[in-house]
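Worksheet: the structure to be examined is printed underneath.
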Amino acid sequence: AQSVSQHNHHVILSEAASLELGCNYSYGGTVNLFWYVQYPGQHLQLLLKYFSGDPLVKGIKGFEAEFIKSKFSFNLRKPSVQWSDTAEYFCAVIPMDSSYKLIFGSGTRLLVRP
Amino acid sequence: DTEVTQTPKHLVMGMTNKKSLKCEQHMGHRAMYWYKQKAKKPPELMFVYSYEKLSINESVPSRFSPECPNSSLLNLHLHALQPEDSALYLCASSFVGNEQFFGPGTRLTVL
């Protein structure tokens, strides 16, 4: 079955530390890839997306992600986190032969300490 | 307008009540979705409408009944719910295969 794995369920960092959240998916065909963020009490927002082209994509708020096709990975990075980055982060995939189904990973809860 | 709106924000209902959740978007998206999200969990897909036709029902109990009156509106009719149905219900919309835009959700409590 198609699935998305996020390796880190809880991450605690101090401000200015670097962030990398892992995401792997199990699907051999073409996929569209996404990272969503859910700040406390707020709705899901798109951080960034990858459809094709340059595998290093930049999103909002200084986030970026790298698609490595050979590793089926789409890891999220930020060089220097802020307290305001405290949130739940979800990796998600749309397999292009099932274009409606957004398959979410289990999420990573990030806590940034001031 | 890049917003998905949902009403109400909060809903408390008894197990014998009938209520409806509403969702609206004006981005021209022809795919609309209902998700259920429990605390500290990712959203779970319930229904997908494409061009106002139900295209996916993820084996959702019949006490949840979706409706898509037109390309901008999506409803979820609720009847005889159980306490375990208490959750955040999210609506989303998209162009097919593209990023989904999520609404703020309706926090549902079933007593």
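Note on naming: chains are A, B, ... as they come in the structure tokens, residues start from 1 per chain, ligands start from 1 in the order shown.
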If you count only C-alpha atoms, which residues fall within 12 Å of Gly41 in chain A, apart from same-chain ones fewer than 4 positions away, as a tab-separated table (two decimals) with all heavy atoms, in the first residue's frame?
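The file below, around29.tsv, is the result:
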```
chain	number	residue	atom	x	y	z
A	37	VAL	N	2.10	22.67	7.14
A	37	VAL	CA	2.35	23.02	8.53
A	37	VAL	C	1.03	23.38	9.20
A	37	VAL	O	0.13	23.96	8.56
A	37	VAL	CB	3.36	24.19	8.64
A	37	VAL	CG1	2.84	25.45	7.97
A	37	VAL	CG2	3.70	24.48	10.10
A	86	THR	N	7.32	26.67	15.95
A	86	THR	CA	6.67	25.61	16.73
A	86	THR	C	5.34	25.26	16.09
A	86	THR	O	4.46	26.11	15.93
A	86	THR	CB	6.45	26.09	18.18
A	86	THR	OG1	7.72	26.26	18.80
A	86	THR	CG2	5.62	25.09	18.96
A	87	ALA	N	5.19	23.98	15.70
A	87	ALA	CA	4.02	23.57	14.93
A	87	ALA	C	4.10	22.07	14.66
A	87	ALA	O	5.08	21.41	15.01
A	87	ALA	CB	3.96	24.32	13.60
A	88	GLU	N	3.06	21.57	14.02
A	88	GLU	CA	3.05	20.19	13.52
A	88	GLU	C	3.32	20.25	12.02
A	88	GLU	O	2.72	21.06	11.30
A	88	GLU	CB	1.68	19.55	13.76
A	88	GLU	CG	1.58	18.10	13.41
A	88	GLU	CD	1.86	17.16	14.58
A	88	GLU	OE1	1.64	17.60	15.73
A	88	GLU	OE2	2.29	16.03	14.36
B	9	LYS	N	-17.68	27.14	13.30
B	9	LYS	CA	-16.34	26.85	13.82
B	9	LYS	C	-16.40	25.76	14.87
B	9	LYS	O	-15.49	24.95	14.98
B	9	LYS	CB	-15.74	28.12	14.43
B	9	LYS	CG	-15.34	29.16	13.41
B	9	LYS	CD	-14.61	30.31	14.07
B	9	LYS	CE	-14.17	31.33	13.03
B	9	LYS	NZ	-13.48	32.49	13.63
B	39	ALA	N	-6.97	14.60	17.35
B	39	ALA	CA	-5.85	15.32	17.95
B	39	ALA	C	-4.53	14.60	17.72
B	39	ALA	O	-4.43	13.38	17.90
B	39	ALA	CB	-6.09	15.51	19.44
B	40	LYS	N	-3.53	15.36	17.32
B	40	LYS	CA	-2.16	14.88	17.15
B	40	LYS	C	-2.04	13.82	16.05
B	40	LYS	O	-1.11	13.01	16.07
B	40	LYS	CB	-1.59	14.35	18.46
B	40	LYS	CG	-1.57	15.39	19.57
B	40	LYS	CD	-0.95	14.85	20.84
B	40	LYS	CE	-1.00	15.89	21.95
B	40	LYS	NZ	-0.42	15.41	23.21
B	88	LEU	N	-12.01	17.24	14.58
B	88	LEU	CA	-11.97	18.44	13.73
B	88	LEU	C	-12.28	17.98	12.30
B	88	LEU	O	-11.61	17.08	11.78
B	88	LEU	CB	-10.59	19.08	13.80
B	88	LEU	CG	-10.38	20.37	13.01
B	88	LEU	CD1	-11.21	21.51	13.61
B	88	LEU	CD2	-8.90	20.76	13.00
B	104	PRO	N	-10.34	26.24	7.96
B	104	PRO	CA	-9.96	26.20	9.38
B	104	PRO	C	-10.59	25.05	10.15
B	104	PRO	O	-10.15	24.73	11.25
B	104	PRO	CB	-10.46	27.55	9.91
B	104	PRO	CG	-11.56	27.93	8.99
B	104	PRO	CD	-11.22	27.37	7.66
B	105	GLY	N	-11.63	24.44	9.59
B	105	GLY	CA	-12.23	23.28	10.24
B	105	GLY	C	-13.42	23.62	11.12
B	105	GLY	O	-13.63	24.77	11.52
B	106	THR	N	-14.20	22.60	11.40
B	106	THR	CA	-15.28	22.66	12.39
B	106	THR	C	-14.94	21.69	13.50
B	106	THR	O	-14.73	20.50	13.25
B	106	THR	CB	-16.64	22.27	11.77
B	106	THR	OG1	-17.03	23.24	10.80
B	106	THR	CG2	-17.71	22.16	12.85
B	107	ARG	N	-14.86	22.23	14.71
B	107	ARG	CA	-14.57	21.37	15.87
B	107	ARG	C	-15.89	20.78	16.34
B	107	ARG	O	-16.75	21.51	16.85
B	107	ARG	CB	-13.93	22.21	16.97
B	107	ARG	CG	-13.64	21.48	18.27
B	107	ARG	CD	-12.44	20.58	18.19
B	107	ARG	NE	-11.20	21.28	17.83
B	107	ARG	CZ	-10.07	20.68	17.52
B	107	ARG	NH1	-10.01	19.37	17.53
B	107	ARG	NH2	-9.01	21.39	17.20
```
Find the spatial neighbours of Lys71 in chain A, counting only C-alpha atoms, within a cut-off of 12 Å - ignore same-chain residues fewer than 5 positions away - and output them as a PyMOL selection string.
chain A and resi 22-28+66
Could the residues in this selection be written to a file with N, CA and C atoms, as an mmCIF file, in the first residue's frame?
```
data_model
loop_
_atom_site.group_PDB
_atom_site.id
_atom_site.type_symbol
_atom_site.label_atom_id
_atom_site.label_comp_id
_atom_site.auth_asym_id
_atom_site.auth_seq_id
_atom_site.Cartn_x
_atom_site.Cartn_y
_atom_site.Cartn_z
ATOM 1 N N GLY A 22 12.719 14.336 8.237
ATOM 2 C CA GLY A 22 12.766 13.322 7.204
ATOM 3 C C GLY A 22 11.385 12.902 6.729
ATOM 4 N N CYS A 23 11.302 12.575 5.437
ATOM 5 C CA CYS A 23 10.062 12.075 4.837
ATOM 6 C C CYS A 23 10.434 11.094 3.744
ATOM 7 N N ASN A 24 9.866 9.907 3.819
ATOM 8 C CA ASN A 24 10.030 8.919 2.754
ATOM 9 C C ASN A 24 8.654 8.416 2.335
ATOM 10 N N TYR A 25 8.530 8.095 1.072
ATOM 11 C CA TYR A 25 7.253 7.587 0.585
ATOM 12 C C TYR A 25 7.485 6.269 -0.138
ATOM 13 N N SER A 26 6.449 5.466 -0.158
ATOM 14 C CA SER A 26 6.556 4.179 -0.849
ATOM 15 C C SER A 26 5.590 4.194 -2.019
ATOM 16 N N TYR A 27 6.107 4.541 -3.162
ATOM 17 C CA TYR A 27 5.320 4.512 -4.392
ATOM 18 C C TYR A 27 6.287 4.625 -5.546
ATOM 19 N N GLY A 28 6.183 3.722 -6.513
ATOM 20 C CA GLY A 28 7.170 3.672 -7.579
ATOM 21 C C GLY A 28 6.911 4.602 -8.734
ATOM 22 N N GLU A 66 14.327 19.004 -0.315
ATOM 23 C CA GLU A 66 15.047 18.378 -1.407
ATOM 24 C C GLU A 66 14.420 17.036 -1.754
#
```
I need the residue nearest chain A from this list: B:Cys23, B:Val12, B:Ala87, B:Val4. Use only C-alpha atoms for the distance.
B:Val4
Using only C-alpha atoms, I'd like every residue of chain B that has an atom within 6 Å of chain A; please write them out as number ranges by chain.
B: 42, 97, 102, 104
What does the structure give for the distance between CA of Leu13 in chain A and CA of Leu76 in chain A, in Å to one decimal?
14.9 Å
Compile the contact shell of Lys36 in chain B as a ChimeraX atom specification: residues with an atom at most 6 Å away, counting only C-alpha atoms, same-chain residues fewer than 5 positions apart removed.
/B:43-44,88-89
Among chain A, which ones does DSSP place in helix (DSSP H, G or I), written as a PyMOL selection string?
chain A and resi 60-62+69-71+83-85
In Å, how far is it from CA of Pro61 in chain B to CA of Cys91 in chain B?
17.7 Å
List every residue of chain B that DSSP, applied to the backbone of this structure, places in strand (DSSP E or B), and write the result as a short mmCIF file (atom, residue, chain, number, x, y, z; two decimals) with N, CA, C and O atoms, in the first residue's frame.
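Produced file part.cif, reproduced below:
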```
data_model
loop_
_atom_site.label_atom_id
_atom_site.label_comp_id
_atom_site.auth_asym_id
_atom_site.auth_seq_id
_atom_site.Cartn_x
_atom_site.Cartn_y
_atom_site.Cartn_z
N VAL B 4 -10.57 28.96 1.90
CA VAL B 4 -11.67 28.02 2.07
C VAL B 4 -12.32 28.36 3.41
O VAL B 4 -11.64 28.42 4.43
N THR B 5 -13.60 28.62 3.37
CA THR B 5 -14.30 28.97 4.62
C THR B 5 -15.18 27.80 5.06
O THR B 5 -15.72 27.07 4.23
N GLN B 6 -15.29 27.68 6.37
CA GLN B 6 -16.11 26.61 6.94
C GLN B 6 -16.97 27.18 8.05
O GLN B 6 -16.51 28.00 8.86
N THR B 7 -18.19 26.73 8.11
CA THR B 7 -19.09 27.08 9.20
C THR B 7 -19.84 25.83 9.67
O THR B 7 -20.11 24.92 8.87
N HIS B 10 -17.45 25.80 15.67
CA HIS B 10 -17.63 24.80 16.72
C HIS B 10 -19.06 24.28 16.66
O HIS B 10 -19.98 25.03 16.33
N LEU B 11 -19.23 23.00 16.97
CA LEU B 11 -20.56 22.41 16.97
C LEU B 11 -20.62 21.35 18.06
O LEU B 11 -19.75 20.47 18.12
N VAL B 12 -21.64 21.47 18.91
CA VAL B 12 -21.88 20.45 19.91
C VAL B 12 -23.24 19.85 19.60
O VAL B 12 -24.21 20.59 19.41
N MET B 13 -23.32 18.55 19.51
CA MET B 13 -24.59 17.91 19.18
C MET B 13 -24.77 16.62 19.95
O MET B 13 -23.79 15.97 20.34
N LYS B 18 -29.62 16.16 14.14
CA LYS B 18 -29.18 16.29 12.74
C LYS B 18 -28.60 17.67 12.57
O LYS B 18 -29.24 18.67 12.93
N LYS B 19 -27.40 17.73 12.04
CA LYS B 19 -26.75 19.01 11.80
C LYS B 19 -26.00 18.94 10.47
O LYS B 19 -25.80 17.85 9.91
N SER B 20 -25.56 20.11 9.99
CA SER B 20 -24.79 20.15 8.75
C SER B 20 -23.58 21.05 8.90
O SER B 20 -23.64 22.09 9.56
N LEU B 21 -22.49 20.62 8.28
CA LEU B 21 -21.29 21.44 8.16
C LEU B 21 -21.24 22.00 6.75
O LEU B 21 -21.61 21.31 5.80
N LYS B 22 -20.75 23.24 6.65
CA LYS B 22 -20.71 23.89 5.34
C LYS B 22 -19.30 24.34 5.00
O LYS B 22 -18.53 24.72 5.88
N CYS B 23 -19.02 24.31 3.71
CA CYS B 23 -17.71 24.68 3.21
C CYS B 23 -17.90 25.44 1.90
O CYS B 23 -18.75 25.08 1.08
N GLU B 24 -17.07 26.47 1.70
CA GLU B 24 -17.19 27.27 0.49
C GLU B 24 -15.82 27.70 0.01
O GLU B 24 -14.94 28.03 0.81
N GLN B 25 -15.65 27.69 -1.31
CA GLN B 25 -14.42 28.20 -1.91
C GLN B 25 -14.77 28.90 -3.20
O GLN B 25 -15.73 28.52 -3.88
N ALA B 31 -12.31 20.16 -7.44
CA ALA B 31 -12.23 19.04 -6.51
C ALA B 31 -12.38 19.58 -5.10
O ALA B 31 -11.72 20.56 -4.72
N MET B 32 -13.25 18.94 -4.33
CA MET B 32 -13.45 19.35 -2.94
C MET B 32 -13.47 18.10 -2.06
O MET B 32 -13.87 17.02 -2.50
N TYR B 33 -13.03 18.29 -0.82
CA TYR B 33 -12.72 17.14 0.04
C TYR B 33 -13.25 17.38 1.45
O TYR B 33 -13.25 18.51 1.94
N TRP B 34 -13.62 16.30 2.10
CA TRP B 34 -13.86 16.29 3.54
C TRP B 34 -12.84 15.37 4.20
O TRP B 34 -12.63 14.23 3.74
N TYR B 35 -12.24 15.89 5.28
CA TYR B 35 -11.30 15.13 6.09
C TYR B 35 -11.78 15.16 7.54
O TYR B 35 -12.41 16.11 7.99
N LYS B 36 -11.36 14.14 8.27
CA LYS B 36 -11.55 14.09 9.72
C LYS B 36 -10.17 14.08 10.36
O LYS B 36 -9.28 13.31 9.92
N GLN B 37 -9.97 14.92 11.36
CA GLN B 37 -8.67 14.97 12.03
C GLN B 37 -8.85 14.83 13.53
O GLN B 37 -9.50 15.67 14.16
N GLU B 44 -7.59 12.47 7.94
CA GLU B 44 -8.00 11.23 7.26
C GLU B 44 -9.06 11.59 6.23
O GLU B 44 -10.07 12.21 6.55
N LEU B 45 -8.82 11.18 5.00
CA LEU B 45 -9.76 11.49 3.93
C LEU B 45 -11.08 10.76 4.16
O LEU B 45 -11.10 9.56 4.48
N MET B 46 -12.18 11.50 3.96
CA MET B 46 -13.52 10.90 4.06
C MET B 46 -14.15 10.82 2.66
O MET B 46 -14.55 9.75 2.22
N PHE B 47 -14.28 11.97 2.02
CA PHE B 47 -14.98 12.04 0.72
C PHE B 47 -14.23 12.97 -0.22
O PHE B 47 -13.60 13.92 0.22
N VAL B 48 -14.37 12.67 -1.53
CA VAL B 48 -13.88 13.56 -2.56
C VAL B 48 -14.99 13.78 -3.58
O VAL B 48 -15.63 12.82 -4.03
N TYR B 49 -15.20 15.05 -3.90
CA TYR B 49 -16.10 15.41 -5.00
C TYR B 49 -15.25 15.98 -6.13
O TYR B 49 -14.37 16.82 -5.91
N SER B 50 -15.54 15.52 -7.33
CA SER B 50 -14.89 16.05 -8.51
C SER B 50 -15.96 16.49 -9.49
O SER B 50 -16.82 15.67 -9.86
N LYS B 53 -19.46 15.67 -8.51
CA LYS B 53 -19.87 14.28 -8.38
C LYS B 53 -18.99 13.58 -7.34
O LYS B 53 -17.77 13.80 -7.30
N LEU B 54 -19.60 12.75 -6.52
CA LEU B 54 -18.85 12.01 -5.52
C LEU B 54 -17.95 11.00 -6.22
O LEU B 54 -18.42 10.10 -6.92
N SER B 55 -16.64 11.13 -6.03
CA SER B 55 -15.72 10.23 -6.70
C SER B 55 -15.02 9.29 -5.74
O SER B 55 -14.56 8.22 -6.14
N ILE B 56 -14.91 9.67 -4.49
CA ILE B 56 -14.29 8.79 -3.51
C ILE B 56 -15.08 8.86 -2.20
O ILE B 56 -15.40 9.94 -1.72
N ASN B 57 -15.42 7.70 -1.67
CA ASN B 57 -15.99 7.56 -0.33
C ASN B 57 -15.10 6.53 0.36
O ASN B 57 -15.08 5.38 -0.03
N PHE B 64 -22.72 9.93 8.10
CA PHE B 64 -22.13 11.09 7.45
C PHE B 64 -22.60 11.09 5.99
O PHE B 64 -22.37 10.12 5.27
N SER B 65 -23.21 12.18 5.56
CA SER B 65 -23.75 12.25 4.21
C SER B 65 -23.27 13.52 3.52
O SER B 65 -23.67 14.62 3.90
N PRO B 66 -22.40 13.41 2.52
CA PRO B 66 -21.91 14.61 1.85
C PRO B 66 -22.87 15.06 0.75
O PRO B 66 -23.67 14.29 0.23
N GLU B 67 -22.70 16.34 0.42
CA GLU B 67 -23.51 16.91 -0.66
C GLU B 67 -22.71 18.03 -1.29
O GLU B 67 -22.06 18.81 -0.59
N CYS B 68 -22.77 18.12 -2.61
CA CYS B 68 -22.08 19.20 -3.32
C CYS B 68 -23.10 19.91 -4.19
O CYS B 68 -23.30 19.53 -5.35
N PRO B 69 -23.74 20.97 -3.68
CA PRO B 69 -24.82 21.63 -4.43
C PRO B 69 -24.33 22.33 -5.70
O PRO B 69 -25.06 22.42 -6.68
N ASN B 70 -23.10 22.85 -5.65
CA ASN B 70 -22.52 23.47 -6.84
C ASN B 70 -21.00 23.46 -6.70
O ASN B 70 -20.46 22.97 -5.71
N LEU B 73 -19.60 25.00 -3.28
CA LEU B 73 -20.13 24.63 -1.97
C LEU B 73 -20.03 23.14 -1.72
O LEU B 73 -20.21 22.32 -2.63
N LEU B 74 -19.77 22.81 -0.47
CA LEU B 74 -19.71 21.42 -0.05
C LEU B 74 -20.33 21.34 1.34
O LEU B 74 -20.01 22.15 2.21
N ASN B 75 -21.24 20.41 1.51
CA ASN B 75 -21.88 20.21 2.81
C ASN B 75 -21.57 18.82 3.34
O ASN B 75 -21.30 17.88 2.57
N LEU B 76 -21.63 18.70 4.65
CA LEU B 76 -21.55 17.38 5.27
C LEU B 76 -22.69 17.29 6.27
O LEU B 76 -22.71 18.03 7.27
N HIS B 77 -23.66 16.43 5.97
CA HIS B 77 -24.82 16.26 6.82
C HIS B 77 -24.54 15.17 7.85
O HIS B 77 -24.03 14.10 7.50
N LEU B 78 -24.89 15.48 9.09
CA LEU B 78 -24.57 14.60 10.20
C LEU B 78 -25.86 14.13 10.88
O LEU B 78 -26.75 14.94 11.14
N HIS B 79 -25.94 12.86 11.16
CA HIS B 79 -27.16 12.33 11.80
C HIS B 79 -26.80 11.11 12.63
O HIS B 79 -26.12 10.21 12.15
N ALA B 87 -14.32 15.27 16.58
CA ALA B 87 -13.05 15.51 15.88
C ALA B 87 -13.10 16.88 15.23
O ALA B 87 -14.11 17.59 15.30
N LEU B 88 -12.01 17.24 14.58
CA LEU B 88 -11.97 18.44 13.73
C LEU B 88 -12.28 17.98 12.30
O LEU B 88 -11.61 17.08 11.78
N TYR B 89 -13.29 18.58 11.70
CA TYR B 89 -13.65 18.22 10.33
C TYR B 89 -13.16 19.32 9.40
O TYR B 89 -13.52 20.49 9.54
N LEU B 90 -12.31 18.91 8.47
CA LEU B 90 -11.66 19.84 7.56
C LEU B 90 -12.22 19.69 6.16
O LEU B 90 -12.44 18.58 5.67
N CYS B 91 -12.40 20.83 5.53
CA CYS B 91 -12.75 20.87 4.12
C CYS B 91 -11.53 21.36 3.36
O CYS B 91 -10.73 22.16 3.88
N ALA B 92 -11.36 20.87 2.16
CA ALA B 92 -10.26 21.33 1.30
C ALA B 92 -10.74 21.38 -0.13
O ALA B 92 -11.75 20.76 -0.49
N SER B 93 -10.01 22.14 -0.94
CA SER B 93 -10.32 22.18 -2.36
C SER B 93 -9.03 22.29 -3.15
O SER B 93 -7.98 22.69 -2.62
N SER B 94 -9.10 21.91 -4.41
CA SER B 94 -7.90 21.94 -5.25
C SER B 94 -8.27 21.82 -6.72
O SER B 94 -9.38 21.41 -7.08
N PHE B 101 -6.04 23.26 -0.63
CA PHE B 101 -6.19 24.40 0.28
C PHE B 101 -7.21 23.99 1.35
O PHE B 101 -8.33 23.58 1.01
N PHE B 102 -6.80 24.13 2.58
CA PHE B 102 -7.63 23.68 3.69
C PHE B 102 -8.34 24.85 4.37
O PHE B 102 -7.78 25.94 4.52
N THR B 106 -14.20 22.60 11.40
CA THR B 106 -15.28 22.66 12.39
C THR B 106 -14.94 21.69 13.50
O THR B 106 -14.73 20.50 13.25
N ARG B 107 -14.86 22.23 14.71
CA ARG B 107 -14.57 21.37 15.87
C ARG B 107 -15.89 20.78 16.34
O ARG B 107 -16.75 21.51 16.85
N LEU B 108 -16.08 19.49 16.15
CA LEU B 108 -17.33 18.82 16.47
C LEU B 108 -17.21 18.02 17.76
O LEU B 108 -16.25 17.25 17.92
N THR B 109 -18.16 18.23 18.65
CA THR B 109 -18.24 17.43 19.87
C THR B 109 -19.60 16.75 19.90
O THR B 109 -20.64 17.41 19.77
N VAL B 110 -19.58 15.43 20.04
CA VAL B 110 -20.82 14.64 20.10
C VAL B 110 -21.00 14.15 21.53
O VAL B 110 -20.12 13.46 22.08
#
```
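Between CA of Gly59 in chain A and CA of Leu110 in chain A the interatomic distance comes to 17.6 Å.
Remark: for Asn17 in chain B, the closest of the candidate residues B:Ala80, B:Arg30, B:Tyr51, B:Ser62 is B:Ala80 (distances computed over only C-alpha atoms).
The protein and nucleic acid residues lying at most 7 Å from Ala65 in chain A are Leu56, Val57, Lys58, Phe74, Asn75, Leu76 and Arg77 of chain A, with only C-alpha atoms considered and sequence neighbours fewer than 3 positions away removed.
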Take the selection from the previous step and output its residues with N, CA, C and O atoms, as a PDB file, in the first residue's frame.
```pdb
ATOM      1  N   LEU A  56      15.497  20.856  -5.583  1.00  0.00           N
ATOM      2  CA  LEU A  56      15.584  21.674  -4.370  1.00  0.00           C
ATOM      3  C   LEU A  56      14.547  22.786  -4.494  1.00  0.00           C
ATOM      4  O   LEU A  56      14.641  23.644  -5.369  1.00  0.00           O
ATOM      5  N   VAL A  57      13.545  22.719  -3.637  1.00  0.00           N
ATOM      6  CA  VAL A  57      12.459  23.697  -3.728  1.00  0.00           C
ATOM      7  C   VAL A  57      12.454  24.575  -2.495  1.00  0.00           C
ATOM      8  O   VAL A  57      12.730  24.116  -1.386  1.00  0.00           O
ATOM      9  N   LYS A  58      12.109  25.818  -2.717  1.00  0.00           N
ATOM     10  CA  LYS A  58      12.028  26.768  -1.603  1.00  0.00           C
ATOM     11  C   LYS A  58      10.566  27.092  -1.344  1.00  0.00           C
ATOM     12  O   LYS A  58       9.760  27.214  -2.273  1.00  0.00           O
ATOM     13  N   PHE A  74      11.877  13.232   0.608  1.00  0.00           N
ATOM     14  CA  PHE A  74      11.547  14.654   0.413  1.00  0.00           C
ATOM     15  C   PHE A  74      11.704  15.317   1.780  1.00  0.00           C
ATOM     16  O   PHE A  74      10.749  15.612   2.480  1.00  0.00           O
ATOM     17  N   ASN A  75      12.956  15.569   2.153  1.00  0.00           N
ATOM     18  CA  ASN A  75      13.245  16.078   3.491  1.00  0.00           C
ATOM     19  C   ASN A  75      13.110  17.591   3.555  1.00  0.00           C
ATOM     20  O   ASN A  75      13.490  18.308   2.635  1.00  0.00           O
ATOM     21  N   LEU A  76      12.602  18.045   4.671  1.00  0.00           N
ATOM     22  CA  LEU A  76      12.375  19.478   4.905  1.00  0.00           C
ATOM     23  C   LEU A  76      13.529  20.040   5.707  1.00  0.00           C
ATOM     24  O   LEU A  76      13.976  19.414   6.685  1.00  0.00           O
ATOM     25  N   ARG A  77      13.971  21.247   5.353  1.00  0.00           N
ATOM     26  CA  ARG A  77      15.094  21.864   6.069  1.00  0.00           C
ATOM     27  C   ARG A  77      14.825  23.341   6.313  1.00  0.00           C
ATOM     28  O   ARG A  77      14.093  24.000   5.564  1.00  0.00           O
TER      29      ARG A  77
END
```
